[in-house]
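Notes follow the structure.
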Amino acid sequence: MKNILADDLRASKKKRTASDVIDLLRMEYGVDLTYSQAYHGLQFTKRFLWGDDINSYSDFVWYKDAIEHYNPGSVVNFEYDSGTRRFKRFFVAFEASITAFNNYCRSMLFIDCTFLTGKFKGGLMVACGKTEIYPVAFGIVECENCESWQWFLTNLKGIIREDCPLTIISDRGISLLKHVHEVFPNAFHYFCLYHMKGNIPVPKGRSRQTAVKWGENTSNIAESFNNVIEHDTPLPALDLVDVIRAKVMEQNYKRLVESNKWTTRLTPRMQARFNKRINDCRSYKFRRSSEKVFEIIYPMSTWILELAAANGRKNIAFLALMQ
């Protein structure tokens, strides 16, 4: 039974139950099992494949040391109750993800939490960047509450560049809203729940700021990551963390191979858009009417452009590009 179920669990993308095992052996092999036999056989096979759930939390001590030794620059924080020796929280941000976000990505984080379905439940908190389905940082907690969010945000602040004008987007509501303004007082905050429920209170002295800076008002990126690991949430905690690490490494390697084929400084898609803009603007001419007012002349019509103080440099660069 172990060999049969091991192959089935590896290939299956859905969570198997004892009833599924009974149906599988009856249909494929003509063997009738009791519910108890199927249940214990399934649990034994899971331990054979992924190890024991209890030992999985104990192995976080070894895993933390391994990350710090073999992946220098990564940030790992493992907390447990010193009295009961019970697991509390585990946070990790790999060096490649930290460097990529701080130097090359938009300063925007999509924060979310998904519930784990393993033996001891818990939650997986993630902070994803705009161009990364896989998270910049993530953490496993006992449950989603105000204390866990404060801990996660505090660790997250430690890996974000201080001069980065961060924008945070989430739909987690009160538990996150209570602490995000304290940990990131200078960041732009946008909560998707404001669209769905207008009665969510706003902290004193704060307004409901929108994320118009980047044109984003949903947390779909974080939800996409939740869908990617949907079938891995029943795994023991350590195995889940290692699955995410493997997916991040696989994605980075694929991007490395693909980027080595590029022949331009910009990505192929952005280079194509840039070239199209240049070609479209070749027939434009502009004339300066005053210090801040320009006339854009097109064969069919003329537009008046007034440079605002905040966007003056961008517009001047745009006019220079058209010229």
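In the structure tokens, chains take the letters A, B, ... in the order shown, each chain's residues start at 1, and ligands count up from 1 in the order shown.
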
Give the strand (DSSP E) residues of region 74-104 of chain A, as assigned by DSSP on the backbone, as a list in words.
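Written out, the strand (DSSP E) residues of region 74-104 of chain A are Val75, Val76, Asn77, Phe78, Glu79, Tyr80, Phe87, Lys88, Arg89, Phe90, Phe91, Val92 and Ala93 of chain A.
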
Excluding Pro135 (chain A) and residues on its chain fewer than 5 positions from it, collect all residues at most 10 Å away from it, counting only C-alpha atoms, and give them as number ranges by chain.
A: 93-94, 97-98, 109-111, 125-130, 221-222, 225, 244-245, 248

Using only C-alpha atoms, which residue out of A:Asp81, A:Asp112, A:Glu68, A:Asp32 lies closest to Asn226 (chain A)?
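The shortest atom-to-atom distance to Asn226 (chain A) comes from A:Asp112.
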
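CA of Ser107 (chain A) is positioned 22.1 Å from CA of Ser259 (chain A).
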
Might you pull out every residue within 6 Å of region 146-156 of chain A, with only C-alpha atoms counted and same-chain residues fewer than 2 positions away left off, and present them as a list in words?
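My list of contacting residues is Gly158, Ile159, Ser175, Leu176 and His179 of chain A.
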
Restricted to N, CA and C atoms, what would the selected residues look like written as a CSV table (one decimal), in the first residue's frame?
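Resulting contents of out-v9.csv:
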```
chain,number,residue,atom,x,y,z
A,158,GLY,N,13.1,45.1,8.4
A,158,GLY,CA,14.5,45.0,8.5
A,158,GLY,C,15.2,44.6,7.2
A,159,ILE,N,14.4,44.2,6.2
A,159,ILE,CA,15.0,43.9,4.9
A,159,ILE,C,14.8,44.9,3.8
A,175,SER,N,-6.6,43.3,11.7
A,175,SER,CA,-5.4,42.8,12.3
A,175,SER,C,-4.1,43.3,11.7
A,176,LEU,N,-4.1,43.5,10.4
A,176,LEU,CA,-2.9,44.1,9.8
A,176,LEU,C,-3.0,45.6,9.8
A,179,HIS,N,-1.3,47.6,12.8
A,179,HIS,CA,0.1,47.7,13.0
A,179,HIS,C,0.9,48.2,11.8
```
